[in-house]
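Here's run-v2.txt, which has compact mmCIF, C-alpha atoms and all ligand atoms:
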```
# COMPACT_ATOMS: atom_id res chain seq x y z
CA MET A 1 0.00 0.00 0.00
CA THR A 2 1.41 3.43 -0.94
CA ASP A 3 1.92 6.17 1.59
CA ALA A 4 -0.57 8.41 -0.10
CA ARG A 5 -3.22 5.74 0.05
CA GLN A 6 -2.50 4.94 3.65
CA ASP A 7 -2.66 8.58 4.56
CA ILE A 8 -6.03 9.00 2.85
CA GLU A 9 -7.47 5.95 4.55
CA GLN A 10 -6.33 7.22 7.91
CA THR A 11 -7.92 10.55 7.24
CA ILE A 12 -11.15 8.82 6.24
CA ALA A 13 -11.13 6.92 9.50
CA SER A 14 -10.59 9.99 11.59
CA LEU A 15 -13.24 11.99 9.73
CA ARG A 16 -15.65 9.10 10.14
CA SER A 17 -15.19 9.20 13.87
CA ALA A 18 -15.38 13.02 13.95
CA TYR A 19 -18.56 13.95 12.08
CA PRO A 20 -21.18 12.24 14.29
CA SER A 21 -20.23 14.15 17.44
CA SER A 22 -19.68 17.33 15.45
CA PHE A 23 -23.26 17.16 14.11
CA ALA A 24 -24.64 16.03 17.47
CA GLN A 25 -23.36 19.17 19.15
CA CYS A 26 -25.25 21.49 16.80
CA ALA A 27 -28.37 23.10 18.23
CA THR A 28 -29.31 25.39 15.33
CA GLU A 29 -29.57 24.96 11.61
CA GLN A 30 -26.83 27.53 11.09
CA GLN A 31 -24.43 25.66 13.38
CA LEU A 32 -25.21 22.45 11.53
CA ARG A 33 -24.59 24.02 8.14
CA ASP A 34 -21.27 25.40 9.35
CA ALA A 35 -20.26 21.98 10.70
CA ASN A 36 -21.29 20.33 7.46
CA ALA A 37 -19.23 22.82 5.47
CA ARG A 38 -16.14 21.78 7.38
CA PHE A 39 -16.53 18.30 5.84
CA LEU A 40 -18.32 18.78 2.55
CA GLY A 41 -17.86 22.49 1.77
CA LYS A 42 -15.60 23.81 -0.95
CA LYS A 43 -12.73 23.96 1.52
CA GLY A 44 -13.96 20.99 3.57
CA ASP A 45 -11.89 17.97 4.55
CA VAL A 46 -13.75 15.45 2.37
CA THR A 47 -13.48 17.77 -0.61
CA ALA A 48 -9.76 18.03 0.04
CA LEU A 49 -9.55 14.22 0.04
CA LEU A 50 -11.28 14.03 -3.32
CA LYS A 51 -8.77 16.48 -4.69
CA ARG A 52 -5.93 14.35 -3.41
CA LEU A 53 -7.10 11.29 -5.36
CA GLY A 54 -4.95 12.49 -8.26
CA SER A 55 -1.82 11.68 -6.27
CA ILE A 56 -2.85 8.03 -5.98
CA GLU A 57 -1.57 5.50 -8.43
CA ALA A 58 -3.97 4.86 -11.26
CA ASP A 59 -4.68 1.19 -10.42
CA GLN A 60 -5.71 2.06 -6.84
CA ARG A 61 -7.51 5.31 -7.53
CA LYS A 62 -10.90 3.73 -8.16
CA ALA A 63 -10.94 1.80 -4.91
CA VAL A 64 -9.80 4.76 -2.82
CA GLY A 65 -12.22 7.07 -4.61
CA ALA A 66 -15.05 4.72 -3.68
CA LEU A 67 -14.01 4.89 -0.02
CA VAL A 68 -14.06 8.68 -0.06
CA ASN A 69 -17.43 8.73 -1.81
CA ASP A 70 -18.87 6.31 0.73
CA LEU A 71 -17.78 8.66 3.49
CA LYS A 72 -19.26 11.60 1.59
CA SER A 73 -22.70 10.01 1.27
CA GLU A 74 -22.60 8.88 4.91
CA ILE A 75 -22.03 12.47 5.99
CA GLU A 76 -24.78 13.71 3.65
CA LYS A 77 -27.24 11.28 5.23
CA ALA A 78 -26.13 12.26 8.73
CA PHE A 79 -26.55 15.91 7.81
CA ALA A 80 -30.13 15.34 6.62
CA ALA A 81 -30.94 13.41 9.80
CA ALA A 82 -29.44 16.11 12.02
CA LEU A 83 -31.36 18.81 10.13
CA ALA A 84 -34.62 16.93 10.72
CA ARG A 85 -33.75 16.55 14.41
CA ILE A 86 -33.06 20.30 14.81
CA ASP A 87 -36.25 21.18 12.96
CA LYS A 88 -38.35 18.90 15.11
CA ALA A 89 -36.76 20.28 18.28
CA ARG A 90 -37.61 23.82 17.15
CA ARG A 91 -41.25 22.86 16.43
CA ASP A 92 -41.57 21.02 19.75
CA LYS A 93 -40.21 24.01 21.61
CA GLU A 94 -42.63 26.32 19.81
CA LEU A 95 -45.58 24.07 20.62
CA ASN A 96 -44.62 23.70 24.26
CA GLU A 97 -44.13 27.40 24.81
CA ARG A 98 -46.79 29.45 26.52
CA PHE A 99 -49.90 29.69 24.34
CA PHE A 100 -49.94 32.84 22.24
CA ASP A 101 -53.46 33.92 21.30
CA LEU A 102 -53.23 35.85 18.06
CA SER A 103 -56.92 36.71 18.23
CA LEU A 104 -56.73 38.59 21.54
CA PRO A 105 -57.89 42.19 21.12
CA GLY A 106 -55.10 44.77 21.19
CA ARG A 107 -54.49 46.95 24.22
CA VAL A 108 -55.29 50.09 22.22
CA PRO A 109 -58.81 49.70 20.85
CA THR A 110 -59.06 50.10 17.07
CA PRO A 111 -62.03 52.20 16.02
CA ARG A 112 -64.46 50.22 13.92
CA GLY A 113 -65.67 51.47 10.57
CA HIS A 114 -69.17 50.90 9.24
CA VAL A 115 -71.13 50.98 6.02
CA HIS A 116 -71.60 54.51 4.63
CA PRO A 117 -75.09 55.85 5.48
CA LEU A 118 -75.89 56.22 1.78
CA MET A 119 -74.90 52.64 0.97
CA GLN A 120 -76.77 51.45 4.05
CA THR A 121 -79.86 53.18 2.70
CA ARG A 122 -79.35 51.67 -0.76
CA ASP A 123 -78.92 48.18 0.71
CA ASP A 124 -82.06 48.54 2.82
CA MET A 125 -84.07 49.68 -0.23
CA LEU A 126 -82.74 46.85 -2.41
CA ALA A 127 -83.47 44.35 0.36
CA ILE A 128 -87.14 45.36 0.28
CA PHE A 129 -87.35 44.74 -3.46
CA LYS A 130 -85.45 41.48 -3.16
CA ASP A 131 -87.97 40.45 -0.56
CA LEU A 132 -90.78 41.33 -2.97
CA GLY A 133 -89.26 38.95 -5.55
CA PHE A 134 -87.13 41.24 -7.71
CA VAL A 135 -83.71 40.19 -9.00
CA ILE A 136 -80.84 42.67 -8.88
CA ALA A 137 -79.09 43.80 -12.06
CA ALA A 138 -76.30 46.26 -12.87
CA GLY A 139 -75.68 48.65 -15.73
CA PRO A 140 -72.80 50.83 -16.95
CA GLU A 141 -72.29 54.47 -15.98
CA VAL A 142 -70.84 55.38 -19.38
CA GLU A 143 -73.75 54.70 -21.69
CA LEU A 144 -74.89 55.02 -25.28
CA GLU A 145 -77.33 57.82 -25.99
CA GLN A 146 -79.48 55.05 -27.50
CA ASN A 147 -79.93 53.30 -24.15
CA ASN A 148 -80.09 56.42 -22.00
CA PHE A 149 -82.53 58.39 -24.17
CA THR A 150 -83.49 57.14 -27.63
CA LYS A 151 -84.86 53.68 -26.82
CA LEU A 152 -86.62 55.15 -23.77
CA ALA A 153 -88.65 57.16 -26.30
CA PHE A 154 -87.20 60.56 -25.47
CA PRO A 155 -87.89 62.83 -28.45
CA PRO A 156 -84.63 64.06 -30.04
CA ASP A 157 -85.12 67.62 -28.79
CA HIS A 158 -86.05 66.71 -25.20
CA PRO A 159 -84.48 69.22 -22.79
CA ALA A 160 -82.83 66.41 -20.76
CA THR A 161 -80.67 65.54 -23.77
CA ASP A 162 -79.36 69.10 -23.81
CA MET A 163 -75.66 69.86 -23.35
CA GLN A 164 -76.64 71.76 -20.21
CA ASP A 165 -78.10 68.73 -18.47
CA SER A 166 -75.88 65.81 -19.43
CA PHE A 167 -72.17 65.06 -19.35
CA TRP A 168 -71.26 63.96 -22.85
CA ILE A 169 -68.15 61.84 -23.43
CA LYS A 170 -68.43 62.20 -27.21
CA PRO A 171 -71.35 62.32 -29.64
CA GLY A 172 -73.63 59.37 -28.89
CA VAL A 173 -71.94 58.49 -25.55
CA LEU A 174 -72.60 60.09 -22.15
CA LEU A 175 -72.55 59.53 -18.41
CA ARG A 176 -75.98 58.05 -17.78
CA THR A 177 -78.43 60.61 -16.42
CA HIS A 178 -80.62 57.98 -14.76
CA THR A 179 -80.71 54.25 -14.09
CA SER A 180 -83.51 53.76 -16.63
CA ASN A 181 -80.83 52.54 -19.08
CA VAL A 182 -80.95 49.25 -17.14
CA GLN A 183 -84.58 48.80 -18.31
CA ILE A 184 -83.42 48.88 -21.93
CA ARG A 185 -80.47 46.57 -21.34
CA GLU A 186 -82.39 44.02 -19.31
CA MET A 187 -85.50 44.01 -21.49
CA SER A 188 -83.38 43.64 -24.64
CA GLY A 189 -81.44 40.70 -23.24
CA ARG A 190 -84.17 38.65 -21.56
CA THR A 191 -87.64 37.31 -22.11
CA PRO A 192 -90.56 38.06 -19.76
CA PRO A 193 -91.66 37.46 -17.07
CA LEU A 194 -89.18 39.92 -15.56
CA ALA A 195 -88.92 41.62 -12.17
CA VAL A 196 -85.64 43.51 -11.95
CA VAL A 197 -84.16 46.25 -9.75
CA SER A 198 -80.87 48.02 -10.14
CA ALA A 199 -79.04 50.60 -8.05
CA GLY A 200 -76.21 52.79 -9.24
CA VAL A 201 -74.54 56.10 -9.87
CA VAL A 202 -75.97 58.68 -12.28
CA TYR A 203 -74.72 62.10 -13.40
CA ARG A 204 -76.33 65.44 -14.15
CA ARG A 205 -75.16 69.03 -14.35
CA ASP A 206 -76.72 70.08 -11.06
CA ASP A 207 -74.99 71.34 -7.95
CA ASP A 208 -76.59 72.82 -4.83
CA VAL A 209 -77.68 71.93 -1.30
CA THR A 210 -80.03 69.17 -2.48
CA HIS A 211 -78.41 68.29 -5.85
CA SER A 212 -75.03 66.75 -6.60
CA PRO A 213 -73.62 66.23 -10.14
CA MET A 214 -73.08 62.62 -9.12
CA PHE A 215 -75.86 60.87 -7.26
CA HIS A 216 -77.53 57.49 -6.88
CA GLN A 217 -80.78 55.99 -8.13
CA ILE A 218 -82.72 52.78 -7.89
CA GLU A 219 -84.65 51.63 -10.91
CA GLY A 220 -87.04 48.76 -11.15
CA PHE A 221 -89.59 47.22 -13.47
CA ILE A 222 -91.92 44.27 -13.93
CA VAL A 223 -92.93 42.85 -17.31
CA ASP A 224 -95.38 40.01 -17.82
CA GLU A 225 -98.73 39.25 -19.40
CA ASN A 226 -101.57 41.23 -17.77
CA VAL A 227 -99.49 43.46 -15.49
CA SER A 228 -101.81 46.26 -14.38
CA PHE A 229 -101.65 49.71 -12.85
CA ALA A 230 -103.26 48.17 -9.76
CA GLN A 231 -100.15 46.00 -9.39
CA LEU A 232 -97.94 49.05 -9.78
CA LYS A 233 -99.81 50.70 -6.93
CA GLY A 234 -99.71 47.56 -4.80
CA VAL A 235 -95.99 46.93 -5.18
CA LEU A 236 -94.91 50.54 -4.72
CA THR A 237 -97.24 51.07 -1.76
CA ALA A 238 -95.80 47.96 -0.13
CA PHE A 239 -92.33 49.33 -0.75
CA ALA A 240 -93.17 52.75 0.75
CA HIS A 241 -94.74 51.14 3.79
CA ARG A 242 -91.71 48.98 4.42
CA LEU A 243 -89.31 51.87 3.95
CA TYR A 244 -91.17 54.58 5.87
CA GLY A 245 -93.46 52.59 8.15
CA ALA A 246 -96.77 50.79 7.63
CA ASP A 247 -98.84 53.77 8.74
CA VAL A 248 -97.35 56.35 6.34
CA PRO A 249 -99.99 57.76 3.93
CA VAL A 250 -99.21 57.43 0.19
CA ARG A 251 -100.67 59.05 -2.91
CA PHE A 252 -100.12 58.68 -6.65
CA ARG A 253 -100.16 61.87 -8.72
CA PRO A 254 -100.30 61.89 -12.54
CA SER A 255 -96.97 62.92 -14.07
CA TYR A 256 -95.06 62.69 -17.33
CA PHE A 257 -92.01 60.65 -18.33
CA PRO A 258 -91.47 59.84 -22.02
CA PHE A 259 -91.00 56.09 -21.40
CA VAL A 260 -94.24 55.44 -19.49
CA GLU A 261 -97.93 55.90 -20.22
CA PRO A 262 -99.67 56.68 -17.95
CA GLY A 263 -96.97 58.12 -15.71
CA ALA A 264 -97.18 59.04 -12.05
CA GLU A 265 -95.25 60.20 -9.04
CA LEU A 266 -95.55 58.64 -5.63
CA ASP A 267 -95.69 60.88 -2.56
CA VAL A 268 -95.49 59.77 1.05
CA GLY A 269 -96.75 61.77 3.99
CA CYS A 270 -94.01 64.03 5.32
CA VAL A 271 -92.04 62.00 7.83
CA PHE A 272 -91.23 65.15 9.76
CA CYS A 273 -94.63 66.77 10.17
CA ALA A 274 -97.55 64.82 8.68
CA ARG A 275 -97.41 62.03 11.21
CA PRO A 276 -99.27 61.31 13.33
CA ASP A 277 -101.66 64.26 13.27
CA GLY A 278 -101.60 66.37 10.17
CA THR A 279 -99.51 68.94 8.37
CA ARG A 280 -97.40 71.49 10.15
CA PRO A 281 -97.40 74.66 8.02
CA GLY A 282 -93.81 75.67 8.77
CA CYS A 283 -92.18 72.34 7.77
CA ARG A 284 -89.06 72.99 5.68
CA VAL A 285 -88.85 69.44 4.39
CA CYS A 286 -92.30 69.28 2.74
CA LYS A 287 -92.67 73.04 2.47
CA GLY A 288 -95.91 72.82 4.38
CA THR A 289 -97.66 70.51 1.90
CA GLY A 290 -97.50 67.45 4.16
CA TRP A 291 -96.22 65.32 1.22
CA ILE A 292 -92.79 64.30 0.00
CA GLU A 293 -92.26 63.00 -3.53
CA ILE A 294 -90.22 59.80 -3.49
CA LEU A 295 -90.34 58.28 -6.97
CA GLY A 296 -91.44 58.40 -10.59
CA CYS A 297 -93.30 55.49 -12.11
CA GLY A 298 -95.73 54.39 -14.78
CA MET A 299 -96.84 51.70 -17.21
CA ILE A 300 -94.03 50.95 -19.66
CA HIS A 301 -94.71 52.66 -22.99
CA PRO A 302 -95.43 50.25 -25.89
CA GLN A 303 -92.78 52.07 -27.90
CA VAL A 304 -90.15 51.10 -25.30
CA PHE A 305 -91.23 47.45 -25.54
CA GLU A 306 -90.90 47.60 -29.30
CA ASN A 307 -87.45 49.19 -29.02
CA CYS A 308 -86.38 46.24 -26.87
CA GLY A 309 -87.90 43.50 -29.01
CA ILE A 310 -90.77 42.71 -26.61
CA ASP A 311 -94.27 42.27 -28.10
CA PRO A 312 -96.40 45.16 -26.73
CA ASP A 313 -99.63 43.33 -27.68
CA ARG A 314 -98.74 40.42 -25.45
CA TYR A 315 -96.90 42.06 -22.56
CA THR A 316 -97.49 44.96 -20.21
CA GLY A 317 -95.39 46.20 -17.34
CA PHE A 318 -94.59 48.99 -14.98
CA ALA A 319 -91.38 50.80 -14.12
CA PHE A 320 -90.19 53.13 -11.37
CA GLY A 321 -87.12 55.12 -10.50
CA MET A 322 -86.01 57.05 -7.43
CA GLY A 323 -83.08 58.86 -5.87
CA ILE A 324 -81.29 57.35 -2.91
CA GLU A 325 -79.69 60.49 -1.45
CA ARG A 326 -82.99 62.04 -0.56
CA VAL A 327 -84.15 58.94 1.24
CA ALA A 328 -80.91 58.92 3.27
CA MET A 329 -81.21 62.66 3.98
CA LEU A 330 -84.78 62.28 5.20
CA ARG A 331 -84.00 59.20 7.19
CA TYR A 332 -81.00 60.64 9.01
CA GLY A 333 -81.98 64.33 8.96
CA ILE A 334 -78.98 65.33 6.80
CA PRO A 335 -79.40 68.97 5.71
CA ASP A 336 -76.83 69.17 2.86
CA ILE A 337 -76.28 66.49 0.18
CA ARG A 338 -72.60 67.35 -0.07
CA LEU A 339 -71.99 65.96 3.41
CA LEU A 340 -72.62 62.52 1.94
CA PHE A 341 -69.66 62.77 -0.43
CA GLU A 342 -67.01 64.63 1.55
CA ASN A 343 -66.12 61.53 3.58
CA ASP A 344 -65.38 63.61 6.65
CA PRO A 345 -65.02 61.13 9.53
CA ARG A 346 -66.56 63.64 11.95
CA PHE A 347 -69.75 63.40 9.87
CA LEU A 348 -69.62 59.67 9.09
CA ALA A 349 -68.94 58.73 12.72
CA GLN A 350 -72.42 60.00 13.61
CA PHE A 351 -74.21 57.09 11.94
N1 LIG A 401 -85.62 58.11 -14.83
C1 LIG A 401 -86.44 59.05 -14.13
C2 LIG A 401 -85.58 60.17 -13.58
O1 LIG A 401 -84.41 60.02 -13.50
C3 LIG A 401 -87.18 58.41 -12.99
C4 LIG A 401 -88.24 57.47 -13.45
C5 LIG A 401 -89.52 57.90 -13.67
C6 LIG A 401 -87.93 56.14 -13.70
C7 LIG A 401 -90.52 57.05 -14.10
C8 LIG A 401 -88.91 55.26 -14.13
C9 LIG A 401 -90.22 55.73 -14.32
O2 LIG A 401 -88.65 53.99 -14.37
O3 LIG A 401 -91.17 54.87 -14.73
O4 LIG A 401 -86.10 61.17 -13.19
```
If you convert what's in this file into structure tokens, what do you get?
Amino acid sequence: MTDARQDIEQTIASLRSAYPSSFAQCATEQQLRDANARFLGKKGDVTALLKRLGSIEADQRKAVGALVNDLKSEIEKAFAAALARIDKARRDKELNERFFDLSLPGRVPTPRGHVHPLMQTRDDMLAIFKDLGFVIAAGPEVELEQNNFTKLAFPPDHPATDMQDSFWIKPGVLLRTHTSNVQIREMSGRTPPLAVVSAGVVYRRDDDVTHSPMFHQIEGFIVDENVSFAQLKGVLTAFAHRLYGADVPVRFRPSYFPFVEPGAELDVGCVFCARPDGTRPGCRVCKGTGWIEILGCGMIHPQVFENCGIDPDRYTGFAFGMGIERVAMLRYGIPDIRLLFENDPRFLAQF
């Protein structure tokens, strides 16, 4: 046996007796990796042995190489086992430590947010219609003139289509001025029977204490065979009673909207003065009339049905639309519509 070979075999023997205790002493993964590097790292002892194989005579090199490689894989296995041991010890320690309850409330209380009063009002209104059997639909805020005006049977020169009233994106496209566009979209895409409501943002050039250029509406309609004005009155009265209380008086007044015939407006008794015992002349909310207008409605015009591909000889229906801001303002006694959109926490925290 050559000297070189003898020397290597001795080194193998001493490394073999060294690594187990070296690994056993390690308590952390980092210590273990450092210990491992002393054997198998670039400058480690086993790596040095492999480099020395070149000095061995060719006929013995294979046998000695195998010995070194055996040692190398032994150490690799021992490393993996030690790593698993350290990992398990860490987990066990963690699990045996004092219980840490992540869900405990903090020492400094965090103020809770809540749904915006306007959205709360919208949700309450939609919930009533859902309860009455309506499905909820959505429509776009940037809309074709066709869907916002033309198919709703607005005559081309109607004042609402004027530059002064609407925000135009480009000819033929505008920010919808009401949620009635959803009627056109839903009626064009579905076949009766239909009972649909939709809530959303609408835009008009209007800006004062009770008007905002951006505001919210709820639209709804029913289409089926033999839908009558009596049903319109029944459904909308039920809605008003659920929203304002079962004892609130309601009245329907004739009115005009191009897409209904006949058209009407629904008033409820002034929630501030007309209940329980009559009108108070000085009321600012109803201006002494005892009534507050809450929505527009009517029987869907046959022309609108035709524009949406629904047979007006077979089907009838009614539609209605209303603002949400005013309901919220009445409900919470909010004097200025702009308060709803400024997002001032001093205001919002009051609800
Ligand atoms: N779109 C109307 C508006 O913005 C409200 C309205 C009136 C909607 C009558 C309707 C309706 O569906 O039948 O003033």
Check your understanding: Taking only C-alpha atoms and all ligand atoms into account, which residues are within 6 Å of ligand LIG 401 (chain A), as a PyMOL selection string?
Key -> chain A and resi 178+180+219+257+260+296-298+319-322
Point to revise | Residue contacts of Phe167 in chain A (9 Å, all atoms listed in the file) excluding same-chain residues fewer than 6 positions away, as a ChimeraX atom specification | key: /A:174-177,203-205
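Nearest residue to Thr237 in chain A among A:Phe154, A:Tyr315, A:Phe129, A:Phe23 is A:Phe129, counting all atoms listed in the file.
Across the model, the gap from CA of Asp165 in chain A to CA of Arg122 in chain A is 24.6 Å.
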Considering all atoms listed in the file, return as a PDB file with C-alpha atoms, keeping the file's coordinate frame whatever protein or nucleic-acid residues lie within 9 Å of Cys286 in chain A, sequence-local ones (same chain, fewer than 6 positions apart) excluded.
```pdb
ATOM      1  CA  GLY A 269     -96.750  61.770   3.990  1.00  0.00           C
ATOM      2  CA  CYS A 270     -94.010  64.030   5.320  1.00  0.00           C
ATOM      3  CA  VAL A 271     -92.040  62.000   7.830  1.00  0.00           C
ATOM      4  CA  PHE A 272     -91.230  65.150   9.760  1.00  0.00           C
ATOM      5  CA  CYS A 273     -94.630  66.770  10.170  1.00  0.00           C
ATOM      6  CA  ILE A 292     -92.790  64.300   0.000  1.00  0.00           C
ATOM      7  CA  GLU A 293     -92.260  63.000  -3.530  1.00  0.00           C
TER       8      GLU A 293
END
```
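Among the candidate residues A:Pro140, A:Gly282, A:Pro20, A:Pro302, the one lying nearest to Gly317 in chain A is A:Pro302, with distances computed using all atoms listed in the file.
When only C-alpha atoms are used to measure the gap to Leu243 in chain A, the shortest distance among A:Glu225, A:Asp7, A:Asp34, A:Asp123 belongs to A:Asp123.
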Review point. A:Pro159, A:Gly323, A:Gly333, A:Pro262: which is nearest Phe229 in chain A, counting all atoms listed in the file?
Key: A:Pro262
Exercise for review: Excluding Val197 in chain A and residues on its chain fewer than 5 positions from it, collect all residues at most 7 Å away from it, counting all atoms listed in the file, and give them as JSON, numbers by chain.
Suggested key: {"A": [134, 135, 136, 137, 218, 219, 220, 221]}
Check your understanding: If you count all atoms listed in the file, which residues fall within 12 Å of range 324-331 of chain A, apart from same-chain ones fewer than 5 positions away, as a PyMOL selection string?
Key -> chain A and resi 116-126+178-179+198-202+209-212+214-219+240+243-245+268+270-273+284-286+292-295+336-341+351
Practice item. Considering only C-alpha atoms, return as an MDAnalysis selection string whatever protein or nucleic-acid residues lie within 12 Å of Asp70 in chain A, sequence-local ones (same chain, fewer than 5 positions apart) excluded. Key: chainID A and resid 12:13 16 46 50 63:65 75:77
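CA of Leu83 in chain A sits 6.6 Å away from CA of Glu29 in chain A.
One finds CA of Leu53 in chain A at 16.3 Å from CA of Leu15 in chain A.
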Exercise for review: Between A:Val68, A:Ile128, A:Met299, A:Ala89, single out the one closest to Phe259 in chain A, counting all atoms listed in the file.
Suggested key: A:Met299
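Proximity ranking of A:Gln183, A:Asn96, A:Ser55, A:Ser17 relative to Gly139 in chain A places A:Gln183 first, based on all atoms listed in the file.
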How would range 153-219 of chain A of the given structure read as a file with C-alpha atoms, as a short mmCIF file (atom, residue, chain, number, x, y, z; two decimals), in the first residue's frame?
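Saved to decode.cif:
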```cif
data_model
loop_
_atom_site.label_atom_id
_atom_site.label_comp_id
_atom_site.auth_asym_id
_atom_site.auth_seq_id
_atom_site.Cartn_x
_atom_site.Cartn_y
_atom_site.Cartn_z
CA ALA A 153 -88.65 57.16 -26.30
CA PHE A 154 -87.20 60.56 -25.47
CA PRO A 155 -87.89 62.83 -28.45
CA PRO A 156 -84.63 64.06 -30.04
CA ASP A 157 -85.12 67.62 -28.79
CA HIS A 158 -86.05 66.71 -25.20
CA PRO A 159 -84.48 69.22 -22.79
CA ALA A 160 -82.83 66.41 -20.76
CA THR A 161 -80.67 65.54 -23.77
CA ASP A 162 -79.36 69.10 -23.81
CA MET A 163 -75.66 69.86 -23.35
CA GLN A 164 -76.64 71.76 -20.21
CA ASP A 165 -78.10 68.73 -18.47
CA SER A 166 -75.88 65.81 -19.43
CA PHE A 167 -72.17 65.06 -19.35
CA TRP A 168 -71.26 63.96 -22.85
CA ILE A 169 -68.15 61.84 -23.43
CA LYS A 170 -68.43 62.20 -27.21
CA PRO A 171 -71.35 62.32 -29.64
CA GLY A 172 -73.63 59.37 -28.89
CA VAL A 173 -71.94 58.49 -25.55
CA LEU A 174 -72.60 60.09 -22.15
CA LEU A 175 -72.55 59.53 -18.41
CA ARG A 176 -75.98 58.05 -17.78
CA THR A 177 -78.43 60.61 -16.42
CA HIS A 178 -80.62 57.98 -14.76
CA THR A 179 -80.71 54.25 -14.09
CA SER A 180 -83.51 53.76 -16.63
CA ASN A 181 -80.83 52.54 -19.08
CA VAL A 182 -80.95 49.25 -17.14
CA GLN A 183 -84.58 48.80 -18.31
CA ILE A 184 -83.42 48.88 -21.93
CA ARG A 185 -80.47 46.57 -21.34
CA GLU A 186 -82.39 44.02 -19.31
CA MET A 187 -85.50 44.01 -21.49
CA SER A 188 -83.38 43.64 -24.64
CA GLY A 189 -81.44 40.70 -23.24
CA ARG A 190 -84.17 38.65 -21.56
CA THR A 191 -87.64 37.31 -22.11
CA PRO A 192 -90.56 38.06 -19.76
CA PRO A 193 -91.66 37.46 -17.07
CA LEU A 194 -89.18 39.92 -15.56
CA ALA A 195 -88.92 41.62 -12.17
CA VAL A 196 -85.64 43.51 -11.95
CA VAL A 197 -84.16 46.25 -9.75
CA SER A 198 -80.87 48.02 -10.14
CA ALA A 199 -79.04 50.60 -8.05
CA GLY A 200 -76.21 52.79 -9.24
CA VAL A 201 -74.54 56.10 -9.87
CA VAL A 202 -75.97 58.68 -12.28
CA TYR A 203 -74.72 62.10 -13.40
CA ARG A 204 -76.33 65.44 -14.15
CA ARG A 205 -75.16 69.03 -14.35
CA ASP A 206 -76.72 70.08 -11.06
CA ASP A 207 -74.99 71.34 -7.95
CA ASP A 208 -76.59 72.82 -4.83
CA VAL A 209 -77.68 71.93 -1.30
CA THR A 210 -80.03 69.17 -2.48
CA HIS A 211 -78.41 68.29 -5.85
CA SER A 212 -75.03 66.75 -6.60
CA PRO A 213 -73.62 66.23 -10.14
CA MET A 214 -73.08 62.62 -9.12
CA PHE A 215 -75.86 60.87 -7.26
CA HIS A 216 -77.53 57.49 -6.88
CA GLN A 217 -80.78 55.99 -8.13
CA ILE A 218 -82.72 52.78 -7.89
CA GLU A 219 -84.65 51.63 -10.91
#
```
